[in-house]
file data-v5.cif (mmCIF, C-alpha atoms)
data_structure
loop_
_atom_site.label_atom_id
_atom_site.label_comp_id
_atom_site.auth_asym_id
_atom_site.auth_seq_id
_atom_site.Cartn_x
_atom_site.Cartn_y
_atom_site.Cartn_z
CA MET A 1434 105.24 126.67 121.79
CA THR A 1435 106.11 128.99 118.95
CA THR A 1436 105.01 128.45 115.37
CA GLU A 1437 108.57 127.73 114.29
CA ILE A 1438 109.11 124.93 116.81
CA VAL A 1439 105.88 123.20 115.84
CA LEU A 1440 106.87 123.51 112.18
CA ILE A 1441 110.22 121.88 113.00
CA VAL A 1442 108.42 119.00 114.73
CA ALA A 1443 106.24 118.64 111.64
CA ALA A 1444 109.36 118.66 109.44
CA ALA A 1445 110.91 115.95 111.61
CA LEU A 1446 107.83 113.76 111.23
CA PHE A 1447 107.88 114.33 107.47
CA GLY A 1448 111.60 113.49 107.29
CA ILE A 1449 111.12 110.24 109.22
CA GLY A 1450 108.26 109.42 106.87
CA VAL A 1451 110.44 110.02 103.81
CA TYR A 1452 113.08 107.74 105.27
CA GLY A 1453 110.54 105.02 105.99
CA ALA A 1454 108.79 105.22 102.63
CA LEU A 1455 112.08 105.00 100.76
CA SER A 1456 113.86 102.40 102.86
CA GLN A 1457 111.26 99.84 103.91
CA GLN A 1458 110.72 96.69 101.88
CA SER A 1459 107.47 95.57 103.41
CA PHE A 1460 104.40 97.15 101.81
CA VAL A 1461 102.71 97.93 105.09
CA MET A 1462 105.82 99.55 106.56
CA LEU A 1463 106.08 101.61 103.39
CA MET A 1464 102.52 102.81 103.92
CA MET A 1465 103.40 103.72 107.48
CA GLY A 1466 106.08 106.01 106.08
CA ILE A 1467 103.52 107.71 103.84
CA GLU A 1468 101.16 108.07 106.80
CA LEU A 1469 103.89 109.76 108.82
CA MET A 1470 104.49 112.20 105.97
CA ILE A 1471 100.80 113.15 105.84
CA ASN A 1472 100.88 113.41 109.63
CA GLY A 1473 103.66 116.00 109.49
CA ALA A 1474 101.85 117.94 106.78
CA LEU A 1475 98.67 117.92 108.86
CA LEU A 1476 100.53 119.24 111.91
CA ALA A 1477 102.07 122.06 109.87
CA LEU A 1478 98.64 122.91 108.46
CA VAL A 1479 97.03 123.04 111.90
CA VAL A 1480 99.74 125.22 113.43
CA LEU A 1481 99.52 127.67 110.54
CA TRP A 1482 95.74 127.70 110.93
CA ALA A 1483 96.04 128.37 114.65
CA ARG A 1484 98.72 131.04 114.44
CA ALA A 1485 98.64 132.69 111.04
CA ALA A 1486 95.18 132.41 109.51
CA GLY A 1487 93.15 134.53 111.87
CA GLY A 1488 90.90 131.64 112.87
CA ASN A 1489 89.57 131.07 109.37
CA PRO A 1490 87.51 127.84 109.62
CA GLU A 1491 88.46 126.87 106.07
CA GLY A 1492 91.91 125.99 107.42
CA GLN A 1493 90.40 123.26 109.57
CA MET A 1494 88.29 122.23 106.58
CA LEU A 1495 91.52 121.52 104.70
CA GLY A 1496 92.56 119.36 107.66
CA VAL A 1497 89.41 117.29 107.18
CA VAL A 1498 90.40 116.83 103.53
CA PHE A 1499 93.89 115.69 104.63
CA MET A 1500 92.32 113.06 106.85
CA THR A 1501 90.18 111.88 103.96
CA VAL A 1502 93.34 111.47 101.91
CA MET A 1503 94.86 109.42 104.75
CA ALA A 1504 91.85 107.13 104.91
CA VAL A 1505 91.74 106.70 101.13
CA GLU A 1506 95.43 105.89 101.02
CA MET A 1507 95.13 103.31 103.76
CA ALA A 1508 92.04 101.61 102.34
CA LEU A 1509 93.38 101.35 98.80
CA GLY A 1510 96.82 100.36 100.11
CA PHE A 1511 95.39 97.46 102.08
CA ALA A 1512 93.26 96.42 99.11
CA LEU A 1513 96.32 96.43 96.84
CA ILE A 1514 98.32 94.45 99.39
CA THR A 1515 95.55 91.87 99.54
CA GLY A 1516 95.31 91.66 95.76
CA VAL A 1517 99.05 91.38 95.22
CA TYR A 1518 99.39 88.80 97.96
CA ARG A 1519 96.62 86.73 96.46
CA VAL A 1520 98.16 86.66 92.99
CA ARG A 1521 101.87 86.74 93.71
CA ARG A 1522 102.29 85.68 97.36
CA ALA A 1523 104.38 88.84 97.67
CA ASP A 1524 104.72 90.88 100.82
CA ILE A 1525 107.85 92.89 100.04
CA THR A 1526 108.59 95.21 97.15
CA GLU A 1527 111.50 93.09 95.90
CA LYS A 1528 109.12 90.31 94.95
CA LEU A 1529 107.34 92.60 92.52
CA ARG A 1530 110.03 93.33 90.00
CA ARG A 1531 107.56 93.09 87.17
CA LEU A 1532 104.24 94.84 87.25
CA LYS A 1533 103.04 93.12 84.08
CA GLY A 1534 100.27 90.61 84.51
CA MET B 985 100.78 132.36 135.29
CA ILE B 986 101.02 128.61 135.29
CA GLY B 987 98.76 128.00 132.28
CA PRO B 988 101.14 128.80 129.40
CA LEU B 989 103.93 126.91 131.18
CA LEU B 990 101.76 123.83 131.41
CA VAL B 991 100.88 124.10 127.73
CA ASP B 992 104.56 124.39 126.85
CA ALA B 993 105.46 121.40 129.01
CA ALA B 994 102.68 119.33 127.46
CA PHE B 995 103.84 120.38 124.02
CA VAL B 996 107.42 119.27 124.71
CA VAL B 997 106.19 115.88 125.97
CA PHE B 998 103.90 115.37 122.97
CA ALA B 999 106.52 116.54 120.47
CA LEU B 1000 109.20 114.23 121.85
CA LEU B 1001 106.70 111.37 121.99
CA ALA B 1002 105.61 111.95 118.39
CA ILE B 1003 109.15 112.04 117.01
CA VAL B 1004 110.61 109.21 119.11
CA THR B 1005 107.73 106.81 118.50
CA GLY B 1006 107.66 107.84 114.83
CA TYR B 1007 111.30 106.86 114.58
CA ARG B 1008 110.79 103.64 116.53
CA VAL B 1009 108.24 102.54 113.91
CA PHE B 1010 111.11 101.74 111.57
CA ARG B 1011 113.46 100.46 114.25
CA THR B 1012 111.45 97.73 115.93
CA ASP B 1013 111.61 94.05 115.08
CA SER B 1014 107.91 93.45 115.55
CA MET B 1015 105.60 94.76 112.86
CA VAL B 1016 102.60 94.75 115.17
CA ARG B 1017 104.60 96.84 117.60
CA ALA B 1018 105.46 99.17 114.72
CA ALA B 1019 101.73 99.71 114.14
CA PHE B 1020 101.22 100.64 117.78
CA TYR B 1021 104.25 102.94 117.76
CA LEU B 1022 102.69 104.72 114.80
CA LEU B 1023 99.43 104.97 116.72
CA ALA B 1024 101.33 106.55 119.63
CA SER B 1025 102.91 109.01 117.24
CA PHE B 1026 99.52 109.96 115.82
CA ALA B 1027 98.02 110.28 119.29
CA ALA B 1028 100.84 112.66 120.29
CA VAL B 1029 100.25 114.77 117.17
CA GLY B 1030 96.55 114.79 118.02
CA GLY B 1031 97.50 116.07 121.47
CA ILE B 1032 99.53 118.89 119.93
CA MET B 1033 96.54 119.80 117.76
CA VAL B 1034 94.33 119.99 120.83
CA LEU B 1035 96.91 122.25 122.47
CA LEU B 1036 96.84 124.44 119.37
CA GLY B 1037 93.09 124.85 119.66
CA ALA B 1038 92.00 122.44 116.93
CA GLU B 1039 90.21 120.15 119.37
CA PHE B 1040 87.90 118.59 116.83
CA LEU B 1041 90.63 117.71 114.34
CA GLY B 1042 92.92 116.38 117.06
CA MET B 1043 90.34 114.09 118.57
CA VAL B 1044 89.13 112.91 115.15
CA LEU B 1045 92.73 112.10 114.25
CA ILE B 1046 93.19 110.00 117.38
CA LEU B 1047 89.84 108.26 116.87
CA MET B 1048 90.50 107.51 113.20
CA MET B 1049 94.04 106.32 113.76
CA ALA B 1050 93.06 104.02 116.62
CA GLY B 1051 90.80 102.10 114.24
CA GLU B 1052 93.22 102.27 111.35
CA MET B 1053 96.18 100.99 113.34
CA LEU B 1054 94.18 98.04 114.64
CA VAL B 1055 93.37 97.13 111.03
CA MET B 1056 97.04 97.56 110.22
CA ALA B 1057 98.08 95.25 113.06
CA ILE B 1058 95.63 92.62 111.79
CA VAL B 1059 97.02 92.94 108.26
CA MET B 1060 100.51 92.52 109.68
CA VAL B 1061 99.54 89.31 111.44
CA MET B 1062 97.74 88.01 108.36
CA TYR B 1063 100.35 88.59 105.67
CA MET B 1064 103.72 89.46 107.03
CA MET B 1065 106.40 87.11 108.13
CA ASN B 1066 107.60 87.54 111.69
CA PRO B 1067 104.81 89.79 112.97
CA ALA B 1068 105.61 89.17 116.61
CA GLY B 1069 109.24 90.19 116.29
CA LEU B 1070 110.61 86.98 117.74
CA ASN B 1071 113.59 87.23 115.43
CA PRO B 1072 115.66 90.33 114.86
CA MET B 1073 114.74 91.70 111.48
CA VAL B 1074 116.05 94.38 109.18
CA MET B 1075 114.00 94.74 106.05
CA VAL B 1076 115.40 97.78 104.33
CA HIS B 1077 116.83 98.60 100.96
CA GLN B 1078 118.95 101.60 99.97
CA ASN B 1079 119.12 102.52 103.62
CA ARG B 1080 121.80 105.19 103.28
CA VAL B 1081 120.10 107.00 100.38
CA ALA B 1082 116.78 106.92 102.24
CA ALA B 1083 118.36 108.28 105.42
CA ILE B 1084 120.01 111.10 103.50
CA ALA B 1085 116.75 111.91 101.70
CA GLY B 1086 114.88 111.99 105.00
CA LEU B 1087 117.50 114.23 106.57
CA VAL B 1088 117.49 116.59 103.59
CA ALA B 1089 113.68 116.76 103.71
CA PHE B 1090 113.81 117.54 107.43
CA LEU B 1091 116.49 120.24 107.07
CA ALA B 1092 114.87 121.88 104.05
CA LEU B 1093 111.41 121.99 105.63
CA SER B 1094 112.87 123.24 108.92
CA ALA B 1095 114.66 125.99 106.98
CA VAL B 1096 111.33 126.96 105.43
CA GLY B 1097 109.74 126.99 108.87
CA LEU B 1098 112.51 129.10 110.37
CA ALA B 1099 113.08 131.49 107.49
CA GLY B 1100 109.47 131.92 106.43
CA GLU B 1101 107.56 135.04 107.41
CA PHE B 1102 104.22 134.01 108.80
CA PRO B 1103 101.56 136.56 109.65
CA ASP B 1104 100.85 136.77 113.36
CA GLN B 1105 97.12 136.26 113.32
CA PRO B 1106 96.08 133.82 116.04
CA VAL B 1107 92.57 132.51 116.35
CA PRO B 1108 90.57 135.43 117.75
CA ASP B 1109 88.11 133.35 119.75
CA PRO B 1110 89.51 129.87 120.48
CA ALA B 1111 86.43 128.84 122.43
CA SER B 1112 84.15 129.02 119.38
CA ALA B 1113 86.61 127.67 116.80
CA THR B 1114 84.98 124.24 116.80
CA GLU B 1115 81.54 125.75 116.44
CA GLU B 1116 82.77 127.76 113.47
CA LEU B 1117 84.17 124.59 111.92
CA GLY B 1118 80.81 122.92 112.33
CA ARG B 1119 79.04 125.82 110.63
CA GLU B 1120 81.66 125.76 107.87
CA LEU B 1121 81.26 122.01 107.37
CA LEU B 1122 77.52 122.29 106.83
CA GLY B 1123 77.62 125.77 105.32
CA ASN B 1124 80.05 127.22 102.83
CA SER B 1125 82.26 124.14 102.59
CA MET B 1126 79.46 121.65 102.36
CA LEU B 1127 80.43 120.73 98.80
CA VAL B 1128 83.95 119.89 99.95
CA PHE B 1129 82.55 117.84 102.80
CA GLN B 1130 80.19 115.98 100.49
CA THR B 1131 82.96 115.38 97.97
CA ALA B 1132 85.10 113.87 100.72
CA GLY B 1133 82.22 111.58 101.62
CA ILE B 1134 81.66 110.48 98.04
CA THR B 1135 85.41 109.95 97.64
CA LEU B 1136 85.39 107.65 100.65
CA LEU B 1137 82.42 105.75 99.25
CA ALA B 1138 84.19 105.31 95.90
CA THR B 1139 87.29 104.19 97.78
CA MET B 1140 85.34 101.55 99.64
CA ILE B 1141 83.86 100.22 96.42
CA GLY B 1142 87.27 100.28 94.73
CA ALA B 1143 88.96 98.57 97.66
CA ILE B 1144 86.37 95.78 97.62
CA ALA B 1145 86.77 95.42 93.85
CA ILE B 1146 90.56 95.22 94.13
CA ALA B 1147 90.69 92.93 97.14
CA GLY B 1148 87.87 90.62 96.20
CA SER B 1149 88.71 87.06 95.23
CA ARG B 1150 86.04 86.94 92.55
CA GLY B 1151 85.92 89.23 89.57
CA ARG B 1152 82.95 89.97 87.38
CA TYR B 1153 83.60 87.09 84.97
CA GLY B 1154 85.31 84.59 87.24
CA SER B 1155 88.29 84.59 89.53
CA ALA B 1156 89.85 87.98 90.13
CA ASP B 1157 93.30 87.02 88.86
CA GLU B 1158 91.97 85.82 85.55
CA GLY B 1159 94.23 87.04 82.78
CA SER B 1160 97.11 87.68 85.17
CA VAL B 1161 98.59 84.21 84.66
CA GLU B 1162 101.48 84.34 82.24
CA PRO B 1163 100.84 82.58 78.91
CA GLY B 1164 103.07 79.69 77.92
CA LEU B 1165 106.02 80.10 75.59
CA GLN B 1166 104.50 77.94 72.82
CA PRO B 1167 101.58 79.43 70.92
CA ASP B 1168 99.42 76.35 71.25
CA GLU B 1169 100.47 75.54 74.79
CA GLU B 1170 97.62 75.25 77.22
CA VAL B 1171 97.51 78.19 79.59
CA ALA B 1172 97.66 77.00 83.16
#
call {"tool": "encode", "arguments": {"input": "data-v5.cif", "output": "structure tokens"}}
result
Amino acid sequence: MTTEIVLIVAAALFGIGVYGALSQQSFVMLMMGIELMINGALLALVVLWARAAGGNPEGQMLGVVFMTVMAVEMALGFALITGVYRVRRADITEKLRRLKG
Amino acid sequence: MIGPLLVDAAFVVFALLAIVTGYRVFRTDSMVRAAFYLLASFAAVGGIMVLLGAEFLGMVLILMMAGEMLVMAIVMVMYMMNPAGLNPMVMVHQNRVAAIAGLVAFLALSAVGLAGEFPDQPVPDPASATEELGRELLGNSMLVFQTAGITLLATMIGAIAIAGSRGRYGSADEGSVEPGLQPDEEVA
């Protein structure tokens, strides 16, 4: 388990996330893509903390901040999905061609 | 020495699990199943973090994602068509461009990982790393920790405000109904 291999795994997760966020039509699937991207970034952060930061606890602190970002993204994403569904009955991005109103 | 071998074997299992289930998220017909595939992917990444010595972060990730994915599965059932995957379903746009972008992101980040020079400074005392994190959380980085908490509180309030059916002065979608074409036409 070298640093490079873990970084490649993290890059793979990020790449899958990019694919999902760009290709999916459903809002929730799109959010899953974003989550996978943050997941890859978190893995890269943790491996660099474990192998290259000399055990500095601030590295793990940054991981806590990443998880906060994940939670914020999910909560606001679900709220927006609920709001958009209520007003427009939309569950895929193609139904929201206009943001106005 | 069987210990390092076991760690390596566990890492390979977790890494394959994380990538395969992460890919399956976008390749399954059932959206609820997609949520659980994503949970499996997160759990595998949490396992890798535990192997790397970040036990606290890994377990918190698994714990948080278990709750989050259950909420996600419920949202899927509530809003989405075809949550059970009874019909084959492909809901993608610009698939080729997205696949190329994902591949380019993977290759570029892998190149950074392979070509980058990282200092070789492992955690000196892995056994006390979690204790140090705890002291950091309530010591030097307390402001960061508090800010994260306040951010989450603001997010909760914002999410309720966005998702609520009633706004401050009436229904939440008031003003979002398009006006009629005639000036004196009654707005629906």
call {"tool": "residues_around", "arguments": {"input": "data-v5.cif", "residues": "segment 1476-1491 of chain A", "least_positions_apart": "3", "cutoff": "8 Å", "atoms": "all atoms listed in the file", "output": "list in words"}}
result
Thr1436, Val1439, Leu1440, Ala1443, Asn1472, Gly1473, Met1494, Leu1495 and Gly1496 of chain A; Val1029, Met1033, Leu1036, Gly1037, Ala1038, Phe1102, Pro1103, Asp1104, Gln1105, Pro1106, Val1107, Pro1108, Asp1109, Pro1110, Ala1113, Glu1116, Leu1117, Glu1120 and Ser1125 of chain B
call {"tool": "resolve_selection", "arguments": {"input": "data-v5.cif", "expression": "the PyMOL selection byres ((chain B) within 7 of (chain A))", "output": "VMD selection string"}}
result
chain B and resid 992 995 999 1003 1006 to 1007 1010 1029 1033 1036 to 1037 1063 to 1064 1075 to 1079 1082 to 1083 1085 to 1087 1089 to 1090 1093 to 1094 1097 to 1098 1102 to 1108 1116 to 1117 1120 1132 1136 1139 1143 1146 to 1147 1157 1160 to 1162
call {"tool": "atom_distance", "arguments": {"input": "data-v5.cif", "atom1": "atom CA of Pro988 of chain B", "atom2": "atom CA of Leu1041 of chain B"}}
result
21.5 Å
call {"tool": "atom_distance", "arguments": {"input": "data-v5.cif", "atom1": "atom CA of Leu1122 of chain B", "atom2": "atom CA of Met1053 of chain B"}}
result
29.1 Å
call {"tool": "atom_distance", "arguments": {"input": "data-v5.cif", "atom1": "atom CA of Met1060 of chain B", "atom2": "atom CA of Val1074 of chain B"}}
result
15.7 Å
call {"tool": "axis_aligned_box", "arguments": {"input": "data-v5.cif", "around": "segment 1488-1502 of chain A", "padding_each_side": "6 Å", "output": "JSON"}}
result
{"center_x": 90.7, "center_y": 121.6, "center_z": 107.4, "size_x": 18.4, "size_y": 32.2, "size_z": 23.0}
call {"tool": "build_atoms", "arguments": {"input": "data-v5.cif", "residues": "segment 1087-1105 of chain B", "atoms": "N, CA and C atoms", "output": "short mmCIF file (atom, residue, chain, number, x, y, z; two decimals), in the coordinates of the input"}}
result
data_model
loop_
_atom_site.label_atom_id
_atom_site.label_comp_id
_atom_site.auth_asym_id
_atom_site.auth_seq_id
_atom_site.Cartn_x
_atom_site.Cartn_y
_atom_site.Cartn_z
N LEU B 1087 116.81 113.12 105.89
CA LEU B 1087 117.50 114.23 106.57
C LEU B 1087 117.39 115.52 105.77
N VAL B 1088 117.58 115.39 104.44
CA VAL B 1088 117.49 116.59 103.59
C VAL B 1088 116.08 117.17 103.65
N ALA B 1089 115.06 116.28 103.62
CA ALA B 1089 113.68 116.76 103.71
C ALA B 1089 113.46 117.50 105.02
N PHE B 1090 113.98 116.91 106.11
CA PHE B 1090 113.81 117.54 107.43
C PHE B 1090 114.49 118.91 107.46
N LEU B 1091 115.75 118.97 107.00
CA LEU B 1091 116.49 120.24 107.07
C LEU B 1091 115.84 121.30 106.18
N ALA B 1092 115.45 120.89 104.96
CA ALA B 1092 114.87 121.88 104.05
C ALA B 1092 113.56 122.42 104.59
N LEU B 1093 112.70 121.52 105.11
CA LEU B 1093 111.41 121.99 105.63
C LEU B 1093 111.60 122.82 106.89
N SER B 1094 112.60 122.43 107.74
CA SER B 1094 112.87 123.24 108.92
C SER B 1094 113.34 124.62 108.51
N ALA B 1095 114.18 124.69 107.45
CA ALA B 1095 114.66 125.99 106.98
C ALA B 1095 113.48 126.84 106.53
N VAL B 1096 112.53 126.20 105.84
CA VAL B 1096 111.33 126.96 105.43
C VAL B 1096 110.59 127.47 106.66
N GLY B 1097 110.46 126.59 107.66
CA GLY B 1097 109.74 126.99 108.87
C GLY B 1097 110.44 128.12 109.60
N LEU B 1098 111.78 128.08 109.62
CA LEU B 1098 112.51 129.10 110.37
C LEU B 1098 112.63 130.39 109.59
N ALA B 1099 112.82 130.28 108.27
CA ALA B 1099 113.08 131.49 107.49
C ALA B 1099 111.80 132.15 107.01
N GLY B 1100 110.71 131.37 106.97
CA GLY B 1100 109.47 131.92 106.43
C GLY B 1100 108.91 133.03 107.31
N GLU B 1101 108.24 133.97 106.67
CA GLU B 1101 107.56 135.04 107.41
C GLU B 1101 106.09 134.69 107.48
N PHE B 1102 105.61 134.37 108.67
CA PHE B 1102 104.22 134.01 108.80
C PHE B 1102 103.49 135.15 109.50
N PRO B 1103 102.32 135.50 108.99
CA PRO B 1103 101.56 136.56 109.65
C PRO B 1103 101.17 136.14 111.06
N ASP B 1104 101.18 137.07 111.97
CA ASP B 1104 100.85 136.77 113.36
C ASP B 1104 99.37 137.06 113.59
N GLN B 1105 98.56 136.09 113.18
CA GLN B 1105 97.12 136.26 113.32
C GLN B 1105 96.53 135.04 114.02
#
